[in-house]
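Inspection log for the structure reproduced underneath, given as structure tokens.
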2 protein chains.
Amino acid sequence: MSDPRWLNEQQAVAWRGLLAIINRAFPEIERTLRGHDLLAVHYTILVALSEAPDHTMGLSALADAANLSPSRLSHRMRTLVDRGDVVIAPDPEDGRAKNAHLTPPGLARLEAVAPHHVEDVQRLIFDHLDETETAALADALALVAAALCEHPEYLNPRP
Amino acid sequence: MSDPRWLNEQQAVAWRGLLAIINRAFPEIERTLRGHDLLAVHYTILVALSEAPDHTMGLSALADAANLSPSRLSHRMRTLVDRGDVVIAPDPEDGRAKNAHLTPPGLARLEAVAPHHVEDVQRLIFDHLDETETAALADALALVAAALCEHPEYLNPRP
DNA sequence: ACTAACTCCTTGACGTGTCAAGTTATTCCA
DNA sequence: TGGAATAACTTGACACGTCAAGGAGTTAGT
């Protein structure tokens, strides 16, 4: 690889900040959720379903909404289904597909945990930023996220 | 928990962006490093050591610099030591402590992988931001990261 | 000087994430 | 109308991350 595009000073600061947040704040957030018998993955899944029309989504769409691989979704779904928080049924219109539906108990669990979760996020992340800084952060992250979500060709471009 | 501090619109956008980046970009970055027999953790450890005076650091300081728990550092260090990239020796001044030293082969491995790694980071993150956006991102992330690093009392505040 | 508390680090067990492979169903196209 | 290519999802194996527990050394209180 000739002539690497090294990170400049700003990029290095941003990158190190991202690493610090991920390695320090996320485990803490996960710990709170675990105290309520949920994993962060589970929480994200429940949120996505709760925002879907009729609390129902196809598994592929769900995986995309939760930024998960099909495999990972499949593995983590088991707990939610076994516990009755989510029901999975075959899609009548496409024999390959399945739909996940958030049950009332599942929604109840989500609503019980949500206040603790958002408190963590506020305490660990946003309590350190004023409104202007938060807006700038949102703008930048949304741009990157949009690129990653809408252009999967950025991913796995290996030969 | 009474009266939860729900995320406002900006905060929600920022948070979702963060989740998308972590779940989509990071696995991709990790994949590249794995192709070179390294984990992201390993890479971070090597970087921290390469920036230390004499390429040497106490394990506690190293864990902090790499945002790792002592346990995680210990586990991941094994590979690096077995392979000869890093040497661990007891600290002469404190019988409890140990020092990690980056060897020439370890440095060589880091330098061989670094160009591929930064290319990933540029492609996945910074290629989607102009200079102003990058600066704003760096400012915000640095504030949060500094708070998390300097005030560990934010972590584990459970009763 | 003795012991309790603390720090530094390691280990083992268990649950999660990832990858590769496999199953079943649909689409494409010749 | 076949048959290959593609899509949706599942499974099993293996490696990583986390937690709780523990060994060894140092500090501090009395």
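Each chain of the structure tokens is named A, B, ... in the order shown, its residues numbered from 1; ligands are numbered from 1 in display order.
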
Using only C-alpha atoms (C1' of nucleotides) and a distance of at most 12 Å, pull out the residues of chain A that contact chain C, as an NGL selection string. :A and (34 or 39-41 or 68-76 or 90-91 or 93-98)

Selection to disk with C-alpha atoms, as a compact mmCIF listing (two decimals), in the first residue's frame:
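Printed below is again-v2.txt as written:
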# COMPACT_ATOMS: atom_id res chain seq x y z
CA ARG A 34 -28.13 -6.73 31.77
CA LEU A 39 -28.61 -7.15 26.12
CA ALA A 40 -27.99 -3.96 24.16
CA VAL A 41 -28.81 -5.97 21.05
CA LEU A 68 -27.19 -6.43 12.75
CA SER A 69 -26.07 -9.30 10.58
CA PRO A 70 -28.77 -11.90 9.86
CA SER A 71 -26.83 -14.44 11.86
CA ARG A 72 -26.50 -12.24 14.90
CA LEU A 73 -30.18 -11.34 14.80
CA SER A 74 -31.11 -14.99 14.58
CA HIS A 75 -29.00 -15.93 17.60
CA ARG A 76 -30.22 -13.10 19.81
CA PRO A 90 -43.88 -16.98 8.41
CA ASP A 91 -44.64 -14.26 5.89
CA GLU A 93 -46.57 -13.50 0.83
CA ASP A 94 -43.02 -14.86 0.68
CA GLY A 95 -42.27 -18.35 1.85
CA ARG A 96 -38.65 -17.49 2.60
CA ALA A 97 -39.40 -14.55 4.84
CA LYS A 98 -40.59 -14.30 8.42

Give the superposed chain A as a short mmCIF file (atom, residue, chain, number, x, y, z; two decimals) with C-alpha atoms, in the first residue's frame, the fit being least squares on chain B over all ordered C-alpha pairs.
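New file result_26.cif:
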data_model
loop_
_atom_site.label_atom_id
_atom_site.label_comp_id
_atom_site.auth_asym_id
_atom_site.auth_seq_id
_atom_site.Cartn_x
_atom_site.Cartn_y
_atom_site.Cartn_z
CA MET A 1 -37.39 6.03 37.99
CA SER A 2 -39.55 9.13 37.84
CA ASP A 3 -39.51 11.62 35.00
CA PRO A 4 -36.94 10.11 32.64
CA ARG A 5 -34.72 12.48 30.73
CA TRP A 6 -35.73 11.31 27.25
CA LEU A 7 -33.42 12.10 24.37
CA ASN A 8 -34.40 15.15 22.35
CA GLU A 9 -34.33 15.10 18.56
CA GLN A 10 -30.66 16.05 18.20
CA GLN A 11 -29.57 13.62 20.84
CA ALA A 12 -31.56 10.83 19.24
CA VAL A 13 -29.96 11.50 15.87
CA ALA A 14 -26.50 11.55 17.40
CA TRP A 15 -27.13 8.37 19.36
CA ARG A 16 -28.50 6.46 16.39
CA GLY A 17 -25.57 7.62 14.32
CA LEU A 18 -23.16 6.35 16.92
CA LEU A 19 -24.89 2.97 17.01
CA ALA A 20 -24.83 2.69 13.22
CA ILE A 21 -21.14 3.52 13.05
CA ILE A 22 -20.21 1.11 15.77
CA ASN A 23 -22.21 -1.76 14.39
CA ARG A 24 -21.35 -1.24 10.75
CA ALA A 25 -17.92 0.35 10.48
CA PHE A 26 -16.14 -1.33 13.36
CA PRO A 27 -16.69 -4.92 12.31
CA GLU A 28 -15.36 -3.97 8.91
CA ILE A 29 -12.25 -2.44 10.41
CA GLU A 30 -11.77 -5.47 12.59
CA ARG A 31 -12.01 -7.72 9.54
CA THR A 32 -9.12 -5.98 7.85
CA LEU A 33 -6.96 -6.29 10.93
CA ARG A 34 -7.82 -9.97 11.24
CA GLY A 35 -6.54 -10.44 7.74
CA HIS A 36 -3.20 -9.39 9.18
CA ASP A 37 -3.36 -11.63 12.24
CA LEU A 38 -4.36 -8.83 14.57
CA LEU A 39 -7.44 -7.91 16.52
CA ALA A 40 -8.50 -4.29 16.97
CA VAL A 41 -7.52 -4.68 20.62
CA HIS A 42 -4.07 -5.83 19.61
CA TYR A 43 -3.69 -2.92 17.26
CA THR A 44 -4.64 -0.43 19.96
CA ILE A 45 -2.20 -2.01 22.37
CA LEU A 46 0.63 -1.83 19.85
CA VAL A 47 -0.15 1.79 19.07
CA ALA A 48 -0.13 2.76 22.73
CA LEU A 49 3.21 1.05 23.27
CA SER A 50 4.70 2.58 20.14
CA GLU A 51 3.91 6.03 21.48
CA ALA A 52 5.37 5.42 24.92
CA PRO A 53 8.90 6.49 25.87
CA ASP A 54 11.30 3.64 25.21
CA HIS A 55 8.33 1.67 23.82
CA THR A 56 7.58 0.61 27.36
CA MET A 57 4.59 1.00 29.66
CA GLY A 58 3.25 -0.44 32.86
CA LEU A 59 0.31 -2.73 32.27
CA SER A 60 -2.11 -0.52 34.20
CA ALA A 61 -1.14 2.53 32.21
CA LEU A 62 -1.39 0.49 29.05
CA ALA A 63 -4.86 -0.73 29.92
CA ASP A 64 -5.94 2.84 30.54
CA ALA A 65 -4.39 4.13 27.34
CA ALA A 66 -6.13 1.42 25.35
CA ASN A 67 -9.45 1.81 27.21
CA LEU A 68 -9.29 -1.79 28.37
CA SER A 69 -10.10 -3.60 31.58
CA PRO A 70 -7.12 -5.30 33.25
CA SER A 71 -8.68 -8.65 32.57
CA ARG A 72 -9.20 -8.01 28.90
CA LEU A 73 -5.67 -6.70 28.50
CA SER A 74 -4.30 -9.78 30.21
CA HIS A 75 -6.19 -12.16 27.93
CA ARG A 76 -5.28 -10.39 24.71
CA MET A 77 -1.69 -9.82 25.69
CA ARG A 78 -1.01 -13.54 25.57
CA THR A 79 -1.09 -13.67 21.77
CA LEU A 80 1.25 -10.72 21.45
CA VAL A 81 3.71 -12.12 23.96
CA ASP A 82 3.63 -15.66 22.56
CA ARG A 83 4.38 -14.22 19.15
CA GLY A 84 7.22 -12.05 20.39
CA ASP A 85 5.65 -8.71 19.48
CA VAL A 86 5.71 -7.66 23.12
CA VAL A 87 7.83 -8.63 26.10
CA ILE A 88 6.58 -8.43 29.66
CA ALA A 89 8.99 -7.99 32.57
CA PRO A 90 8.46 -7.39 36.28
CA ASP A 91 8.81 -3.79 37.40
CA PRO A 92 12.03 -3.47 39.47
CA GLU A 93 10.50 -0.74 41.61
CA ASP A 94 7.14 -2.33 42.42
CA GLY A 95 6.85 -6.05 42.85
CA ARG A 96 3.18 -6.04 41.91
CA ALA A 97 3.62 -4.25 38.62
CA LYS A 98 4.86 -5.39 35.24
CA ASN A 99 6.10 -3.50 32.22
CA ALA A 100 5.27 -4.25 28.61
CA HIS A 101 7.87 -3.50 25.97
CA LEU A 102 7.25 -3.35 22.22
CA THR A 103 9.89 -5.38 20.37
CA PRO A 104 11.26 -4.52 16.91
CA PRO A 105 9.21 -7.33 15.31
CA GLY A 106 6.14 -5.96 17.08
CA LEU A 107 6.82 -2.49 15.77
CA ALA A 108 7.39 -3.92 12.32
CA ARG A 109 4.04 -5.67 12.41
CA LEU A 110 2.33 -2.46 13.50
CA GLU A 111 3.95 -0.48 10.70
CA ALA A 112 2.96 -3.10 8.17
CA VAL A 113 -0.68 -3.04 9.16
CA ALA A 114 -1.13 0.67 9.87
CA PRO A 115 -1.57 1.82 6.24
CA HIS A 116 -4.42 -0.63 5.67
CA HIS A 117 -6.02 0.33 8.94
CA VAL A 118 -5.98 4.08 8.33
CA GLU A 119 -7.29 3.53 4.84
CA ASP A 120 -10.31 1.75 6.36
CA VAL A 121 -10.87 4.54 8.85
CA GLN A 122 -10.71 7.19 6.13
CA ARG A 123 -12.99 5.27 3.80
CA LEU A 124 -15.60 4.37 6.40
CA ILE A 125 -15.62 7.53 8.49
CA PHE A 126 -13.81 10.61 7.31
CA ASP A 127 -14.43 10.38 3.60
CA HIS A 128 -18.01 11.38 4.42
CA LEU A 129 -17.06 14.58 6.25
CA ASP A 130 -15.51 17.85 5.16
CA GLU A 131 -12.97 19.70 7.25
CA THR A 132 -15.49 21.72 9.23
CA GLU A 133 -17.61 18.71 10.06
CA THR A 134 -14.55 16.74 11.08
CA ALA A 135 -13.43 19.52 13.40
CA ALA A 136 -16.86 19.72 15.02
CA LEU A 137 -16.95 15.98 15.44
CA ALA A 138 -13.49 15.97 17.01
CA ASP A 139 -14.45 18.73 19.43
CA ALA A 140 -17.56 16.99 20.64
CA LEU A 141 -16.07 13.52 20.89
CA ALA A 142 -12.99 14.82 22.68
CA LEU A 143 -15.16 16.47 25.32
CA VAL A 144 -17.07 13.28 26.01
CA ALA A 145 -13.98 11.11 25.90
CA ALA A 146 -12.13 13.40 28.28
CA ALA A 147 -14.99 13.20 30.76
CA LEU A 148 -15.08 9.41 30.55
CA CYS A 149 -11.32 9.04 30.87
CA GLU A 150 -10.68 11.61 33.56
CA HIS A 151 -13.69 10.96 35.71
CA PRO A 152 -14.04 7.23 36.12
CA GLU A 153 -16.56 7.96 38.86
CA TYR A 154 -19.05 8.34 36.04
CA LEU A 155 -18.59 4.64 35.55
CA ASN A 156 -19.99 2.00 37.86
CA PRO A 157 -21.96 4.41 40.03
CA ARG A 158 -24.28 1.61 41.00
CA PRO A 159 -25.18 1.29 44.72
#

Enumerate the residues of segment 1-139 of chain A with a DSSP assignment of strand (DSSP E or B), computed from the backbone, and present them as a CSV table (one decimal) with C-alpha atoms, in the first residue's frame.
chain,number,residue,atom,x,y,z
A,56,THR,CA,-44.2,-5.9,13.1
A,57,MET,CA,-41.3,-6.2,10.8
A,58,GLY,CA,-39.7,-8.6,8.4
A,86,VAL,CA,-41.5,-11.3,20.4
A,87,VAL,CA,-43.4,-13.7,18.1
A,88,ILE,CA,-42.1,-14.9,14.8
A,89,ALA,CA,-44.4,-16.0,12.0
A,90,PRO,CA,-43.9,-17.0,8.4
A,98,LYS,CA,-40.6,-14.3,8.4
A,99,ASN,CA,-42.1,-11.5,10.4
A,100,ALA,CA,-41.3,-10.5,13.9
A,101,HIS,CA,-44.1,-9.1,16.1
A,102,LEU,CA,-43.6,-7.3,19.4

Return the neighbours of chain B among the residues of chain D, cut-off 8 Å, counting only C-alpha atoms (C1' of nucleotides), as JSON, numbers by chain. {"D": [17, 24, 25, 26]}

Write a file of the just-selected residues containing C-alpha atoms (C1' of nucleotides), as a PDB file, in the first residue's frame.
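Final file, selection_8.pdb:
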ATOM      1  C1'  DG D  17     -15.413 -10.074  26.293  1.00  0.00           C
ATOM      2  C1'  DA D  24       1.057 -11.773  45.255  1.00  0.00           C
ATOM      3  C1'  DG D  25       2.987  -7.400  46.719  1.00  0.00           C
ATOM      4  C1'  DT D  26       2.548  -2.758  48.999  1.00  0.00           C
TER       5       DT D  26
END

If you run DSSP on this backbone, which residues of chain A come out as alpha helix (DSSP H), and could you give them as an MDAnalysis selection string? chainID A and resid 9:34 40:51 59:65 70:83 104:124 131:150
